[in-house]
Amino acid sequence: MSLTIAFIGLGNMGGGMAANLLKNGYAVRAFDLSEDALARAEAAGASRAASAVEAVTGADAVVTMLPAGKHVESVYAGEVFGAAKAGALFLDCSTIDVATARRVIEAAEAKGFEMVDAPVSGGIGAANGGTLTFMVGGSDAAFARAMPILSAMGKAVIHAGGGGNGQAAKICNNMLLGATMVATCEAFSMAQKLGLDPQTFYDISSVSSGQSWSMTSYCPVPGVGPQSPSDNDYQGGFAVGLMLKDLKLASEAAASVSASVPMGNAAEALYQLLANQGKATRDFSIMIEMLEGK
Ligand code: NAD
């Protein structure tokens, strides 16, 4: 008999993820506060629940894909813990702060449940295509149980250690991405001012020590490197607002352990400026336009 999964939070990311669970033979009970999200989940084959409690009651596992830590904590503490059957597994795939992730997992364990934090790398395209990467925090036993469910939604599932370590891996990675994107943008911008053709600079730097993913997989200059959001007027891709969210989570986590992250802090300030210019929904490689004074 196939497992029944309660899926809470079927927005941009969760909608595609739930559809992939259905394609892989899981039964999905969907709950979201948004009628549009619920209608889309129903069209993909999920059954609609009238509340989180209804979705969770009798389910073998609960997957959440919610905006932030406060939503995750209130859904688990307020609804999931009280309604879940004994032995149900909890998987939170949202990107949230490490402290809340650890608190919610500890609370779940205190009630006898197993839980993992399993944030993702990859955007809406990867969620729809089932090609997300999951970074997972939790006990070995919880990870082993989560593995087949996460594999149905992704191409890679990596155990990062105990509870909260998935979120730690995610924000460290995205802080690095934010900083390398800013650095890549300023290098291209300066190269051009110094009279270098962007394609020529790419040909040199992409095989030299300045190379990074921001350059060779996601070049911020239109027409240079493989197809990326810069070729589509910085539409789609990974929004400035989401990068800013992750950089704020990174500074918060850094402060909590007294880590020095000057590059991460600088990237956060620059992405805040970009968001304040009304560019929060554009792809984060649009940083190059701000550095060029556009
Ligand atoms: P979204 O806003 O599109 O979806 C979140 C959904 O949660 C919404 O449909 C909302 O109605 C629902 N929701 C909020 N509170 C709820 C509650 N109490 N009960 C039930 N439903 C509730 O956001 P998204 O883009 O799908 O992102 C979800 C998470 O994934 C975020 O933590 C985000 O940081 C992370 N993430 C997003 C991307 C991306 O490219 N969009 C990439 C990686 C990670």
# chains A, B, ... in the order shown; residues from 1 in each chain; ligands from 1

$ select_by_dssp --residues "region 80-216 of chain A" --states "helix (DSSP H, G or I)" --output "ChimeraX atom specification"
/A:80-83,98-110,124-129,140-151,165-193,198-205,213-216

$ residues_near_ligand --ligand "ligand 1" --cutoff "7 Å" --atoms "only C-alpha atoms and all ligand atoms" --output "PDB file with C-alpha atoms, in the first residue's frame"
ATOM      1  CA  ILE A   8       1.350  21.696   3.784  1.00  0.00           C
ATOM      2  CA  GLY A   9       2.410  24.761   1.765  1.00  0.00           C
ATOM      3  CA  LEU A  10       1.816  24.197  -1.953  1.00  0.00           C
ATOM      4  CA  GLY A  11       3.104  27.496  -3.324  1.00  0.00           C
ATOM      5  CA  ASN A  12       5.698  28.066  -6.053  1.00  0.00           C
ATOM      6  CA  MET A  13       7.931  25.278  -4.780  1.00  0.00           C
ATOM      7  CA  GLY A  14       5.548  22.981  -2.879  1.00  0.00           C
ATOM      8  CA  PHE A  31      -3.418  21.885   2.691  1.00  0.00           C
ATOM      9  CA  ASP A  32      -2.620  25.536   1.997  1.00  0.00           C
ATOM     10  CA  LEU A  33      -4.201  28.820   3.074  1.00  0.00           C
ATOM     11  CA  SER A  34      -4.412  29.803  -0.606  1.00  0.00           C
ATOM     12  CA  ALA A  37      -2.507  26.609  -4.449  1.00  0.00           C
ATOM     13  CA  ALA A  52      -3.728  21.156   8.411  1.00  0.00           C
ATOM     14  CA  MET A  65       7.169  23.920   2.382  1.00  0.00           C
ATOM     15  CA  LEU A  66       6.368  27.217   4.093  1.00  0.00           C
ATOM     16  CA  PRO A  67       7.711  30.798   3.869  1.00  0.00           C
ATOM     17  CA  ALA A  68       9.635  31.201   7.154  1.00  0.00           C
ATOM     18  CA  HIS A  71       5.033  29.573   9.912  1.00  0.00           C
ATOM     19  CA  VAL A  75       2.036  24.770  11.966  1.00  0.00           C
ATOM     20  CA  CYS A  93      11.736  21.486   3.350  1.00  0.00           C
ATOM     21  CA  SER A  94      11.294  25.260   3.909  1.00  0.00           C
ATOM     22  CA  THR A  95      14.337  27.538   4.206  1.00  0.00           C
ATOM     23  CA  ILE A  96      14.251  28.772   7.808  1.00  0.00           C
ATOM     24  CA  PRO A 119      15.903  22.589   2.714  1.00  0.00           C
ATOM     25  CA  VAL A 120      16.492  22.581  -1.023  1.00  0.00           C
ATOM     26  CA  SER A 121      18.866  23.954  -3.585  1.00  0.00           C
ATOM     27  CA  GLY A 122      17.197  24.624  -6.933  1.00  0.00           C
ATOM     28  CA  GLY A 123      14.310  26.879  -7.844  1.00  0.00           C
ATOM     29  CA  ILE A 124      10.798  26.466  -9.209  1.00  0.00           C
ATOM     30  CA  PHE A 238      16.367  33.076  -8.196  1.00  0.00           C
ATOM     31  CA  ALA A 239      14.740  36.274  -6.992  1.00  0.00           C
ATOM     32  CA  LEU A 242      14.870  35.243  -1.800  1.00  0.00           C
TER      33      LEU A 242
END

$ closest_atom_pairs --of "region 83-125 of chain A" --to "region 136-144 of chain A" --cutoff "12 Å" --atoms "only C-alpha atoms" --output "JSON lines"
{"residue": "A:Gly87", "atom": "CA", "partner": "A:Ala142", "partner_atom": "CA", "distance": 10.9}
{"residue": "A:Ala88", "atom": "CA", "partner": "A:Ala142", "partner_atom": "CA", "distance": 10.6}
{"residue": "A:Leu89", "atom": "CA", "partner": "A:Ala142", "partner_atom": "CA", "distance": 7.5}
{"residue": "A:Phe90", "atom": "CA", "partner": "A:Ala142", "partner_atom": "CA", "distance": 8.8}
{"residue": "A:Leu91", "atom": "CA", "partner": "A:Ala142", "partner_atom": "CA", "distance": 9.2}
{"residue": "A:Asp92", "atom": "CA", "partner": "A:Val136", "partner_atom": "CA", "distance": 9.5}
{"residue": "A:Cys93", "atom": "CA", "partner": "A:Val136", "partner_atom": "CA", "distance": 8.9}
{"residue": "A:Ser94", "atom": "CA", "partner": "A:Val136", "partner_atom": "CA", "distance": 11.5}
{"residue": "A:Thr95", "atom": "CA", "partner": "A:Val136", "partner_atom": "CA", "distance": 11.6}
{"residue": "A:Val98", "atom": "CA", "partner": "A:Gly137", "partner_atom": "CA", "distance": 10.3}
{"residue": "A:Ala101", "atom": "CA", "partner": "A:Gly137", "partner_atom": "CA", "distance": 9.2}
{"residue": "A:Arg102", "atom": "CA", "partner": "A:Gly137", "partner_atom": "CA", "distance": 9.2}
{"residue": "A:Val104", "atom": "CA", "partner": "A:Gly138", "partner_atom": "CA", "distance": 11.6}
{"residue": "A:Ile105", "atom": "CA", "partner": "A:Gly138", "partner_atom": "CA", "distance": 8.1}
{"residue": "A:Glu106", "atom": "CA", "partner": "A:Gly138", "partner_atom": "CA", "distance": 10.1}
{"residue": "A:Ala108", "atom": "CA", "partner": "A:Gly138", "partner_atom": "CA", "distance": 11.4}
{"residue": "A:Glu109", "atom": "CA", "partner": "A:Ser139", "partner_atom": "CA", "distance": 10.3}
{"residue": "A:Gly112", "atom": "CA", "partner": "A:Ala142", "partner_atom": "CA", "distance": 12.0}
{"residue": "A:Phe113", "atom": "CA", "partner": "A:Ala142", "partner_atom": "CA", "distance": 9.3}
{"residue": "A:Glu114", "atom": "CA", "partner": "A:Ala142", "partner_atom": "CA", "distance": 5.6}
{"residue": "A:Met115", "atom": "CA", "partner": "A:Ala142", "partner_atom": "CA", "distance": 6.1}
{"residue": "A:Val116", "atom": "CA", "partner": "A:Gly138", "partner_atom": "CA", "distance": 4.8}
{"residue": "A:Asp117", "atom": "CA", "partner": "A:Gly137", "partner_atom": "CA", "distance": 5.2}
{"residue": "A:Ala118", "atom": "CA", "partner": "A:Val136", "partner_atom": "CA", "distance": 4.4}
{"residue": "A:Pro119", "atom": "CA", "partner": "A:Val136", "partner_atom": "CA", "distance": 7.0}
{"residue": "A:Val120", "atom": "CA", "partner": "A:Val136", "partner_atom": "CA", "distance": 8.9}
{"residue": "A:Ser121", "atom": "CA", "partner": "A:Val136", "partner_atom": "CA", "distance": 11.3}

$ select_by_dssp --residues "region 51-187 of chain A" --states "strand (DSSP E or B)" --output "MDAnalysis selection string"
chainID A and resid 61:64 89:92 114:117 120:121 132:137 154:161

$ write_last_selection --atoms "N, CA and C atoms" --output "short mmCIF file (atom, residue, chain, number, x, y, z; two decimals), in the first residue's frame"
data_model
loop_
_atom_site.label_atom_id
_atom_site.label_comp_id
_atom_site.auth_asym_id
_atom_site.auth_seq_id
_atom_site.Cartn_x
_atom_site.Cartn_y
_atom_site.Cartn_z
N ALA A 61 3.38 10.46 6.72
CA ALA A 61 4.45 11.47 6.77
C ALA A 61 3.85 12.83 6.49
N VAL A 62 4.53 13.87 6.98
CA VAL A 62 4.09 15.25 6.76
C VAL A 62 5.26 16.00 6.11
N VAL A 63 4.99 16.64 4.96
CA VAL A 63 6.00 17.49 4.32
C VAL A 63 5.51 18.93 4.39
N THR A 64 6.37 19.85 4.85
CA THR A 64 5.99 21.27 4.88
C THR A 64 6.94 22.06 3.98
N LEU A 89 6.37 10.47 10.20
CA LEU A 89 7.66 11.14 9.97
C LEU A 89 7.40 12.56 9.50
N PHE A 90 8.16 13.54 9.99
CA PHE A 90 7.99 14.93 9.59
C PHE A 90 9.21 15.40 8.78
N LEU A 91 8.94 16.09 7.66
CA LEU A 91 10.02 16.63 6.83
C LEU A 91 9.73 18.10 6.55
N ASP A 92 10.54 18.99 7.07
CA ASP A 92 10.36 20.41 6.75
C ASP A 92 11.37 20.79 5.67
N GLU A 114 9.88 11.30 14.69
CA GLU A 114 11.14 11.56 14.00
C GLU A 114 10.92 12.68 13.00
N MET A 115 11.94 13.55 12.88
CA MET A 115 11.80 14.71 11.99
C MET A 115 13.14 15.08 11.39
N VAL A 116 13.11 15.55 10.13
CA VAL A 116 14.31 16.11 9.50
C VAL A 116 14.03 17.52 9.00
N ASP A 117 15.08 18.35 8.98
CA ASP A 117 15.02 19.60 8.22
C ASP A 117 15.68 19.27 6.88
N VAL A 120 16.13 22.98 0.34
CA VAL A 120 16.49 22.58 -1.02
C VAL A 120 17.40 23.60 -1.69
N SER A 121 18.18 23.08 -2.64
CA SER A 121 18.87 23.95 -3.59
C SER A 121 18.19 23.69 -4.92
N LEU A 132 15.51 18.71 -7.49
CA LEU A 132 16.05 19.49 -6.37
C LEU A 132 17.21 18.74 -5.70
N THR A 133 18.07 19.49 -5.00
CA THR A 133 19.04 18.88 -4.09
C THR A 133 18.55 19.14 -2.67
N PHE A 134 18.47 18.08 -1.86
CA PHE A 134 18.04 18.22 -0.47
C PHE A 134 19.24 18.10 0.45
N MET A 135 19.37 19.06 1.40
CA MET A 135 20.42 19.00 2.42
C MET A 135 19.70 18.68 3.72
N VAL A 136 20.03 17.54 4.31
CA VAL A 136 19.17 17.00 5.36
C VAL A 136 19.84 16.96 6.72
N GLY A 137 19.13 17.49 7.72
CA GLY A 137 19.59 17.39 9.10
C GLY A 137 18.66 16.48 9.88
N GLY A 154 13.67 14.87 -5.86
CA GLY A 154 14.97 15.47 -6.14
C GLY A 154 15.96 14.55 -6.80
N LYS A 155 17.07 15.14 -7.20
CA LYS A 155 18.13 14.35 -7.84
C LYS A 155 19.25 14.00 -6.86
N ALA A 156 19.35 14.72 -5.75
CA ALA A 156 20.39 14.42 -4.76
C ALA A 156 19.85 14.67 -3.36
N VAL A 157 20.17 13.76 -2.45
CA VAL A 157 19.73 13.87 -1.06
C VAL A 157 20.96 13.61 -0.20
N ILE A 158 21.39 14.64 0.54
CA ILE A 158 22.67 14.53 1.26
C ILE A 158 22.45 14.74 2.75
N HIS A 159 22.99 13.81 3.54
CA HIS A 159 22.85 13.92 5.01
C HIS A 159 23.93 14.87 5.54
N ALA A 160 23.49 15.98 6.15
CA ALA A 160 24.43 17.01 6.60
C ALA A 160 24.77 16.88 8.08
N GLY A 161 24.15 15.93 8.79
CA GLY A 161 24.41 15.77 10.23
C GLY A 161 23.11 15.86 11.02
#

$ residues_around --residues "region 199-214 of chain A" --least-positions-apart "4" --cutoff "6 Å" --atoms "only C-alpha atoms" --output "ChimeraX atom specification"
/A:181,218-219,224

$ residues_around --residues "Gln277 (chain A)" --least-positions-apart "2" --cutoff "12 Å" --atoms "only C-alpha atoms" --output "compact mmCIF listing (two decimals) with N, CA and C atoms, in the first residue's frame"
# COMPACT_ATOMS: atom_id res chain seq x y z
N VAL A 240 15.92 38.24 -6.21
CA VAL A 240 16.68 39.09 -5.29
C VAL A 240 16.11 38.97 -3.86
N GLY A 241 14.77 38.99 -3.74
CA GLY A 241 14.12 38.93 -2.43
C GLY A 241 14.45 37.64 -1.69
N LEU A 270 24.23 44.91 -0.08
CA LEU A 270 24.06 45.22 -1.51
C LEU A 270 22.73 44.67 -2.04
N TYR A 271 22.36 43.46 -1.60
CA TYR A 271 21.06 42.92 -2.05
C TYR A 271 19.89 43.71 -1.44
N GLN A 272 20.10 44.26 -0.23
CA GLN A 272 19.05 45.11 0.36
C GLN A 272 18.86 46.37 -0.51
N LEU A 273 19.97 46.96 -0.95
CA LEU A 273 19.89 48.14 -1.82
C LEU A 273 19.12 47.82 -3.10
N LEU A 274 19.45 46.66 -3.68
CA LEU A 274 18.80 46.24 -4.92
C LEU A 274 17.29 46.05 -4.70
N ALA A 275 16.94 45.44 -3.58
CA ALA A 275 15.52 45.25 -3.26
C ALA A 275 14.84 46.60 -3.08
N LYS A 279 13.69 45.96 -7.17
CA LYS A 279 14.10 44.81 -8.01
C LYS A 279 13.96 43.47 -7.27
N ALA A 280 13.15 43.43 -6.21
CA ALA A 280 13.09 42.21 -5.38
C ALA A 280 12.63 40.97 -6.15
N THR A 281 11.87 41.17 -7.21
CA THR A 281 11.35 39.98 -7.92
C THR A 281 12.20 39.60 -9.13
N ARG A 282 13.23 40.42 -9.43
CA ARG A 282 14.10 40.09 -10.58
C ARG A 282 15.16 39.07 -10.16
N ILE A 286 20.93 40.34 -11.51
CA ILE A 286 20.73 41.74 -11.93
C ILE A 286 21.60 42.69 -11.09
N MET A 287 22.26 42.17 -10.09
CA MET A 287 23.25 42.95 -9.32
C MET A 287 24.20 43.70 -10.25
N GLU A 289 23.66 45.26 -12.97
CA GLU A 289 23.12 46.55 -13.45
C GLU A 289 23.32 47.62 -12.38
N MET A 290 23.12 47.27 -11.11
CA MET A 290 23.30 48.27 -10.05
C MET A 290 24.76 48.69 -9.98
N GLY A 293 25.68 51.15 -12.38
CA GLY A 293 25.01 52.44 -12.19
C GLY A 293 23.72 52.56 -12.99
N LYS A 294 23.16 51.43 -13.43
CA LYS A 294 21.90 51.50 -14.19
C LYS A 294 20.70 51.55 -13.26

$ closest_residue --among "A:Met215, A:Leu22, A:Leu176, A:Met190" --to "Pro262 (chain A)" --atoms "only C-alpha atoms"
A:Leu176
